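Enquirer: mmCIF, C-alpha atoms and all ligand atoms, saved as final-v5.cif, coming up:
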```cif
data_work
loop_
_atom_site.label_atom_id
_atom_site.label_comp_id
_atom_site.auth_asym_id
_atom_site.auth_seq_id
_atom_site.Cartn_x
_atom_site.Cartn_y
_atom_site.Cartn_z
CA MET A 9 9.76 -1.49 -23.07
CA PRO A 10 11.26 -3.36 -20.11
CA ARG A 11 13.56 -1.18 -18.06
CA ARG A 12 16.76 -2.22 -16.39
CA ASP A 13 16.73 -3.30 -12.77
CA LEU A 14 18.04 -0.25 -10.94
CA THR A 15 18.62 -1.90 -7.59
CA GLU A 16 22.37 -2.10 -8.21
CA HIS A 17 22.44 1.71 -8.36
CA LEU A 18 20.72 2.20 -5.02
CA LEU A 19 22.44 3.27 -1.83
CA PRO A 20 22.89 0.55 0.78
CA ALA A 21 20.10 0.63 3.37
CA SER A 22 22.66 1.63 6.03
CA ALA A 23 23.35 4.92 4.19
CA ILE A 24 19.74 6.14 4.25
CA GLY A 25 19.17 6.84 7.94
CA THR A 26 16.00 5.86 9.77
CA LEU A 27 13.98 3.54 7.57
CA PRO A 28 10.23 3.07 7.71
CA ARG A 29 9.06 -0.41 8.70
CA HIS A 30 5.91 -0.06 6.65
CA VAL A 31 5.61 1.88 3.39
CA ALA A 32 2.19 2.28 1.81
CA ILE A 33 1.71 3.58 -1.73
CA ILE A 34 -1.24 5.23 -3.46
CA MET A 35 -0.37 4.32 -7.03
CA ASP A 36 -1.98 7.18 -8.93
CA GLY A 37 -1.66 8.67 -12.40
CA ASN A 38 -1.92 5.66 -14.70
CA GLY A 39 -4.66 7.25 -16.80
CA ARG A 40 -2.88 10.58 -17.16
CA TRP A 41 0.38 8.80 -18.05
CA ALA A 42 -1.41 7.03 -20.89
CA ARG A 43 -3.30 10.13 -22.05
CA ALA A 44 -0.04 12.09 -22.26
CA ARG A 45 1.12 9.45 -24.76
CA GLY A 46 -2.12 9.37 -26.74
CA MET A 47 -2.84 5.86 -25.46
CA PRO A 48 -5.96 4.37 -23.84
CA ARG A 49 -6.07 4.44 -20.01
CA SER A 50 -5.68 0.66 -19.91
CA MET A 51 -2.13 1.00 -21.26
CA GLY A 52 -1.32 3.15 -18.23
CA HIS A 53 -2.63 0.48 -15.90
CA ARG A 54 -0.60 -2.13 -17.72
CA ALA A 55 2.58 -0.04 -17.48
CA GLY A 56 1.77 0.45 -13.80
CA MET A 57 2.30 -3.27 -13.22
CA ASP A 58 6.00 -2.92 -14.00
CA ALA A 59 6.19 -0.08 -11.50
CA VAL A 60 4.72 -2.45 -8.89
CA ARG A 61 7.52 -4.91 -9.63
CA ARG A 62 10.11 -2.13 -9.24
CA ALA A 63 8.56 -1.01 -5.95
CA VAL A 64 8.73 -4.57 -4.60
CA ARG A 65 12.38 -4.89 -5.65
CA ALA A 66 13.24 -1.59 -3.96
CA ALA A 67 11.35 -2.45 -0.76
CA ASP A 68 13.23 -5.75 -0.70
CA HIS A 69 16.56 -4.02 -1.27
CA PHE A 70 16.07 -1.63 1.65
CA GLY A 71 14.71 -4.30 3.97
CA VAL A 72 11.32 -2.63 4.42
CA GLU A 73 9.10 -5.05 6.38
CA VAL A 74 5.73 -4.23 4.85
CA LEU A 75 4.80 -2.68 1.50
CA THR A 76 1.12 -1.91 1.00
CA ILE A 77 -0.13 -0.98 -2.46
CA TYR A 78 -3.50 0.61 -3.19
CA SER A 79 -4.70 -1.25 -6.27
CA PHE A 80 -8.46 -0.76 -6.36
CA SER A 81 -10.56 1.40 -4.08
CA SER A 82 -14.15 0.82 -3.08
CA GLU A 83 -14.91 4.02 -5.03
CA ASN A 84 -13.19 2.80 -8.20
CA TRP A 85 -16.38 0.80 -8.96
CA SER A 86 -17.77 4.08 -10.27
CA ARG A 87 -15.45 3.94 -13.31
CA PRO A 88 -16.69 2.62 -16.65
CA ARG A 89 -17.34 -1.12 -16.60
CA SER A 90 -14.63 -1.76 -19.20
CA GLU A 91 -11.97 -0.11 -17.02
CA VAL A 92 -13.09 -2.00 -13.91
CA ASP A 93 -12.96 -5.26 -15.88
CA TYR A 94 -9.47 -4.42 -17.10
CA LEU A 95 -8.23 -3.69 -13.57
CA PHE A 96 -9.64 -7.02 -12.41
CA SER A 97 -7.95 -8.83 -15.28
CA LEU A 98 -4.64 -7.22 -14.30
CA LEU A 99 -5.03 -8.46 -10.73
CA ARG A 100 -5.71 -11.93 -12.06
CA GLN A 101 -2.63 -11.73 -14.30
CA PHE A 102 -0.55 -10.51 -11.38
CA VAL A 103 -1.52 -13.52 -9.26
CA GLU A 104 -1.05 -15.95 -12.15
CA ARG A 105 2.28 -14.58 -13.42
CA ASP A 106 4.03 -13.04 -10.42
CA VAL A 107 3.04 -15.01 -7.36
CA MET A 108 5.40 -17.94 -7.91
CA ASP A 109 8.30 -15.54 -8.40
CA LEU A 110 7.35 -13.60 -5.26
CA HIS A 111 7.03 -16.87 -3.37
CA ARG A 112 10.54 -17.87 -4.43
CA ARG A 113 11.75 -14.50 -3.16
CA ASN A 114 10.22 -15.25 0.26
CA VAL A 115 7.54 -12.53 -0.08
CA ARG A 116 4.40 -12.97 2.01
CA ILE A 117 1.26 -11.73 0.28
CA ARG A 118 -1.71 -10.31 2.14
CA ILE A 119 -4.92 -9.00 0.65
CA ILE A 120 -6.76 -6.22 2.46
CA GLY A 121 -10.19 -5.05 1.47
CA SER A 122 -13.72 -6.31 1.23
CA ARG A 123 -14.44 -9.59 -0.51
CA GLU A 124 -17.98 -8.36 -1.12
CA GLY A 125 -18.78 -7.80 -4.79
CA LEU A 126 -15.82 -9.92 -5.95
CA GLY A 127 -16.44 -13.00 -8.07
CA GLU A 128 -15.77 -16.46 -6.62
CA ASP A 129 -12.88 -17.04 -9.03
CA ILE A 130 -11.02 -13.93 -7.97
CA VAL A 131 -11.59 -14.63 -4.26
CA ALA A 132 -10.20 -18.13 -4.83
CA LEU A 133 -7.10 -16.71 -6.55
CA LEU A 134 -6.48 -14.20 -3.77
CA THR A 135 -6.89 -16.89 -1.13
CA TYR A 136 -4.46 -19.11 -3.07
CA ALA A 137 -1.81 -16.34 -3.14
CA GLU A 138 -2.18 -15.70 0.58
CA ARG A 139 -2.07 -19.38 1.53
CA LEU A 140 0.87 -20.23 -0.74
CA THR A 141 3.02 -17.48 0.75
CA SER A 142 1.73 -17.43 4.33
CA ASP A 143 4.87 -18.98 5.87
CA ASN A 144 7.31 -16.74 4.03
CA THR A 145 9.49 -14.58 6.24
CA GLY A 146 10.67 -11.81 3.88
CA LEU A 147 8.84 -8.69 2.72
CA THR A 148 5.10 -8.61 3.39
CA LEU A 149 3.28 -7.30 0.32
CA ALA A 150 -0.21 -6.15 1.28
CA VAL A 151 -2.44 -5.59 -1.71
CA ALA A 152 -5.33 -3.23 -0.96
CA PHE A 153 -7.96 -4.42 -3.40
CA ASN A 154 -11.62 -3.41 -3.20
CA TYR A 155 -10.40 -1.45 -0.20
CA GLY A 156 -11.99 1.53 1.52
CA GLY A 157 -10.84 2.98 4.83
CA ARG A 158 -14.33 3.96 5.96
CA GLN A 159 -15.70 0.54 5.03
CA GLU A 160 -12.88 -1.10 7.01
CA ILE A 161 -13.71 0.94 10.13
CA ALA A 162 -17.45 0.34 9.67
CA GLU A 163 -16.84 -3.43 9.40
CA ALA A 164 -14.82 -3.34 12.64
CA ALA A 165 -17.62 -1.39 14.34
CA ARG A 166 -20.15 -3.94 13.13
CA LYS A 167 -18.11 -6.87 14.50
CA LEU A 168 -17.77 -5.13 17.87
CA ALA A 169 -21.49 -4.32 17.97
CA GLU A 170 -22.25 -8.00 17.36
CA GLN A 171 -19.94 -8.98 20.22
CA ALA A 172 -21.61 -6.42 22.48
CA VAL A 173 -25.10 -7.67 21.59
CA ARG A 174 -23.97 -11.22 22.42
CA GLY A 175 -22.67 -9.89 25.74
CA ASP A 176 -19.06 -10.86 24.94
CA ILE A 177 -17.83 -7.29 25.43
CA ALA A 178 -19.16 -4.20 27.24
CA PRO A 179 -19.32 -0.76 25.53
CA GLN A 180 -16.53 0.51 27.78
CA ASP A 181 -14.23 -2.23 26.43
CA ILE A 182 -14.19 -0.43 23.07
CA THR A 183 -10.85 1.35 22.82
CA PRO A 184 -8.72 2.40 19.85
CA GLU A 185 -6.65 -0.77 20.44
CA LEU A 186 -9.72 -3.01 20.27
CA ILE A 187 -10.94 -1.32 17.09
CA GLY A 188 -7.44 -1.71 15.62
CA ARG A 189 -7.60 -5.43 16.33
CA HIS A 190 -10.73 -5.75 14.19
CA LEU A 191 -9.35 -4.16 11.03
CA TYR A 192 -8.38 -6.22 7.95
CA ALA A 193 -4.75 -6.86 8.95
CA PRO A 194 -4.44 -6.24 12.69
CA ASP A 195 -1.02 -7.89 12.86
CA LEU A 196 0.65 -5.41 10.51
CA PRO A 197 2.26 -2.25 11.93
CA ASP A 198 0.78 1.13 10.97
CA PRO A 199 2.35 2.67 7.86
CA ASP A 200 5.25 4.96 8.74
CA MET A 201 5.22 6.57 5.33
CA ILE A 202 2.53 6.94 2.67
CA ILE A 203 3.72 7.78 -0.83
CA ARG A 204 1.26 9.13 -3.39
CA THR A 205 2.32 9.55 -6.98
CA GLY A 206 0.49 11.57 -9.63
CA ASP A 207 0.69 14.91 -7.85
CA GLU A 208 -2.65 14.71 -6.02
CA LYS A 209 -2.49 15.46 -2.31
CA ARG A 210 -5.22 13.43 -0.70
CA LEU A 211 -5.77 10.04 0.92
CA SER A 212 -8.75 8.94 -1.20
CA ASN A 213 -10.08 6.66 1.58
CA PHE A 214 -6.76 4.82 2.04
CA LEU A 215 -5.78 3.46 5.48
CA LEU A 216 -7.70 6.20 7.30
CA TRP A 217 -7.32 4.62 10.72
CA GLN A 218 -3.73 3.45 10.32
CA SER A 219 -2.41 6.69 8.82
CA ALA A 220 -2.88 8.75 12.01
CA TYR A 221 0.87 9.41 12.27
CA ALA A 222 2.13 8.43 8.83
CA GLU A 223 4.57 10.74 7.07
CA MET A 224 3.13 11.78 3.73
CA VAL A 225 5.32 11.94 0.64
CA PHE A 226 3.76 13.31 -2.54
CA LEU A 227 5.59 12.66 -5.78
CA PRO A 228 4.82 14.51 -9.01
CA GLU A 229 5.55 11.57 -11.31
CA TYR A 230 2.77 9.34 -12.60
CA TRP A 231 2.77 5.80 -11.21
CA PRO A 232 4.10 4.08 -14.39
CA ASP A 233 7.21 6.30 -14.11
CA PHE A 234 7.89 5.31 -10.50
CA ASP A 235 11.11 3.35 -10.10
CA GLU A 236 13.65 2.18 -7.54
CA LEU A 237 15.24 5.65 -7.44
CA SER A 238 11.85 7.26 -6.72
CA PHE A 239 11.53 4.87 -3.79
CA GLN A 240 14.99 5.83 -2.56
CA ARG A 241 14.19 9.56 -2.83
CA ALA A 242 11.07 9.04 -0.71
CA LEU A 243 13.12 7.15 1.89
CA LEU A 244 15.69 9.94 2.05
CA ASP A 245 12.86 12.44 2.54
CA PHE A 246 11.41 10.27 5.32
CA ALA A 247 14.79 9.99 7.07
CA ARG A 248 15.02 13.81 7.31
CA ARG A 249 11.68 14.15 9.09
CA GLU A 250 11.23 14.42 12.81
CA ARG A 251 8.29 12.36 14.01
CA ARG A 252 6.85 13.74 17.22
CA PHE A 253 3.64 11.76 17.78
CA GLY A 254 2.17 14.72 19.65
CA GLY A 255 5.19 15.03 21.94
CA LEU A 256 8.05 17.48 21.72
CA GLY A 257 10.41 15.37 19.68
CA GLU A 258 13.85 14.23 20.78
CA ARG A 259 15.69 17.53 20.37
CA ARG A 260 13.08 19.61 22.18
CA THR A 261 12.66 17.05 24.98
CA ARG A 262 16.42 17.18 25.56
CA LYS A 263 16.36 20.98 25.75
CA VAL A 264 13.50 20.97 28.26
CA ALA A 265 15.30 18.33 30.37
CA GLU A 266 18.46 20.48 30.40
CA ARG A 267 16.54 23.44 31.83
C1 LIG B 301 -4.38 4.84 -10.47
O1 LIG B 301 -4.38 5.53 -11.66
C2 LIG B 301 -4.86 3.43 -10.61
C3 LIG B 301 -6.18 3.17 -10.03
C4 LIG B 301 -6.95 4.04 -9.44
C5 LIG B 301 -6.66 1.81 -10.13
P1 LIG B 301 -5.67 6.29 -12.19
O2 LIG B 301 -6.46 5.34 -13.02
O3 LIG B 301 -6.42 6.90 -11.08
O4 LIG B 301 -5.01 7.39 -13.10
P2 LIG B 301 -5.42 8.92 -13.20
O5 LIG B 301 -5.41 9.48 -11.80
O6 LIG B 301 -6.77 8.95 -13.82
O7 LIG B 301 -4.36 9.53 -14.04
C1 LIG B 302 -6.81 6.24 -5.47
O1 LIG B 302 -6.73 6.84 -6.71
C2 LIG B 302 -7.11 4.78 -5.60
C3 LIG B 302 -6.02 3.93 -6.07
C4 LIG B 302 -4.81 4.33 -6.34
C5 LIG B 302 -6.35 2.53 -6.19
P1 LIG B 302 -8.00 7.51 -7.41
O2 LIG B 302 -7.53 8.02 -8.71
O3 LIG B 302 -9.14 6.58 -7.42
O4 LIG B 302 -8.33 8.70 -6.41
P2 LIG B 302 -9.12 10.06 -6.67
O5 LIG B 302 -10.41 9.70 -7.32
O6 LIG B 302 -8.26 10.91 -7.55
O7 LIG B 302 -9.26 10.67 -5.31
MG MG B 303 -6.37 8.70 -10.14
#
```
Would you put the structure from the file into structure tokens?
Expert:
Amino acid sequence: MPRRDLTEHLLPASAIGTLPRHVAIIMDGNGRWARARGMPRSMGHRAGMDAVRRAVRAADHFGVEVLTIYSFSSENWSRPRSEVDYLFSLLRQFVERDVMDLHRRNVRIRIIGSREGLGEDIVALLTYAERLTSDNTGLTLAVAFNYGGRQEIAEAARKLAEQAVRGDIAPQDITPELIGRHLYAPDLPDPDMIIRTGDEKRLSNFLLWQSAYAEMVFLPEYWPDFDELSFQRALLDFARRERRFGGLGERRTRKVAER
């Protein structure tokens, strides 16, 4: 059943406090949501698509710069073939049905992940979505599809090794910054906040490199139940946190300076 757009009930962005530039979401719990209703897992994935639309609307409302969604992990290939096929068909549907609307709303789509193992047709669709929206200046929606954090880092290492073998770089040139520049989307800022729904508290190979200082928010609700208000709750939680990045934090630094 389609739900109402809740954006009109959200606080204005100015009332939240410090906002994250980049929010990344591990959309988990589709299968359990369906099972709780006596439905096949695929129905949970389908209902999850509406939650994606709500997340995009909320990110837009709050003026978040980048929203990354974890749609299919490199480990999700180990699921039954029928479920993998269904997840691929949903991605196809998403591009076919939603991309024009996103384009009209000035959303820029990026795909992160490996293209290996994907059919030519799906690669062509993903490339189409990226190209169509590449000049848009609103929200960046990064879709992590066939994505694995370890694979991403290994691919970067491989590219740097090739450059070293060619003599284009020396081993001592390899720094965290240089590695960062060889990841799938080097131009995007690191996620400030990672939300995981479905009550599991792990990263499951998501943005391992980029999450070094991300604030983690774990939500008990299953992904198909996620809505604009869930997004707002996560933002309010984020705004209350003090990020220290290994330092003393603002309050403590002030106290030390006063001494
Ligand atoms: C998340 O929901 C969607 C994907 C991994 C593609 P799950 O399918 O993992 O749902 P649960 O965790 O089994 O409930
Ligand atoms: C993470 O969820 C992957 C996506 C949301 C796409 P999983 O359900 O695959 O993670 P695990 O297996 O519980 O760690
Ligand atoms: Mg899961």
Enquirer: Would you compute an axis-aligned box for segment 66-76 of chain A, covering every atom listed for it in the file with 4 Å of margin on each side, and report centre and edge lengths in Å to one decimal as JSON?
Expert:
```
{"center_x": 8.8, "center_y": -3.7, "center_z": 1.2, "size_x": 23.4, "size_y": 12.2, "size_z": 18.3}
```
Enquirer: Using only C-alpha atoms and all ligand atoms, determine which residues fall within 6 Å of ligand LIG 301 (chain B), then list them as a list in words.
Expert: Met35, Asp36, Gly37, Asn38, Gly39, Arg40, Ser79 and Phe80 of chain A
Enquirer: Taking all atoms listed in the file into account, list the residues no farther than 8 Å from ligand LIG 302 (chain B), as a ChimeraX atom specification.
Expert: /A:34-37,78-81,83-84,152-153,208,210-214
Enquirer: Just want the 12 Å neighbourhood of Asp93 of chain A, counted on all atoms listed in the file, with same-chain residues fewer than 6 positions away dropped. Output as a ChimeraX atom specification.
Expert: /A:50,53,80,84-87,99-100,126-127,130
Enquirer: What does the structure give for the distance between atom CA of Gly156 of chain A and atom CA of Ala63 of chain A, in Å to one decimal?
Expert: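 Pair atom CA of Gly156 of chain A / atom CA of Ala63 of chain A returns 22.0 Å.
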Enquirer: Considering all atoms listed in the file, state which residue in the set A:Met57, A:Gly188, A:Arg89, A:Trp231 is at the smallest distance from Arg105 of chain A.
Expert: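 The answer is A:Met57, which sits nearest to Arg105 of chain A.
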Enquirer: In Å, with one decimal, what is the gap from atom CA of Leu256 of chain A to atom CA of Gln240 of chain A?
Expert: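 About the pair atom CA of Leu256 of chain A and atom CA of Gln240 of chain A: they are 27.8 Å apart.
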Enquirer: What separation in Å, quoted to one decimal, exists between atom CA of Ala67 of chain A and atom CA of Leu18 of chain A?
Expert: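 Interatomic distance, atom CA of Ala67 of chain A to atom CA of Leu18 of chain A: 11.3 Å.
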Enquirer: Give the answer as one residue: which of A:Gly206, A:Gly146, A:Pro28, A:Pro199 has the shortest atom-to-atom distance to Ala222 of chain A, using all atoms listed in the file?
Expert: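 Of A:Gly206, A:Gly146, A:Pro28, A:Pro199, the one nearest Ala222 of chain A, counting all atoms listed in the file, is A:Pro199.
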Enquirer: Dump as a PyMOL selection string all residues having an atom at most 7 Å from (-11.0, -0.1, 12.0), computed in the file's coordinates with all atoms listed in the file.
Expert: chain A and resi 160-162+164+187-188+190-191+217
Enquirer: With C-alpha atoms kept, could you save the residues just selected as a JSON list (two decimals), in the frame of the given file?
Expert:
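Listing of part13.json after writing:
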```
[["chain", "number", "residue", "atom", "x", "y", "z"],
["A", 160, "GLU", "CA", -12.88, -1.10, 7.01],
["A", 161, "ILE", "CA", -13.71, 0.94, 10.13],
["A", 162, "ALA", "CA", -17.45, 0.34, 9.67],
["A", 164, "ALA", "CA", -14.82, -3.34, 12.64],
["A", 187, "ILE", "CA", -10.94, -1.32, 17.09],
["A", 188, "GLY", "CA", -7.44, -1.71, 15.62],
["A", 190, "HIS", "CA", -10.73, -5.75, 14.19],
["A", 191, "LEU", "CA", -9.35, -4.16, 11.03],
["A", 217, "TRP", "CA", -7.32, 4.62, 10.72]]
```
Enquirer: Closest to ligand MG 303 (chain B) among A:Arg54, A:His30, A:Arg65, A:Lys209, using only C-alpha atoms and all ligand atoms?
Expert: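 Checking each of A:Arg54, A:His30, A:Arg65, A:Lys209 against ligand MG 303 (chain B), counting only C-alpha atoms and all ligand atoms, the winner is A:Lys209.
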Enquirer: Which residues are near Asp13 of chain A? Cut-off 12 Å, all atoms listed in the file, ignore same chain within fewer than 6 positions. Put them as a list of chain:residue names.
Expert: A:Asp58, A:Ala59, A:Arg61, A:Arg62, A:Ala63, A:Val64, A:Arg65, A:Ala66, A:His69, A:Asp235, A:Glu236, A:Leu237
Enquirer: Measuring between all atoms listed in the file, which one of A:Arg49, A:Ala132, A:Ala265, A:Asp106 shows the shortest distance to ligand MG 303 (chain B)?
Expert: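 With all atoms listed in the file as the atom set, the closest residue is A:Arg49.
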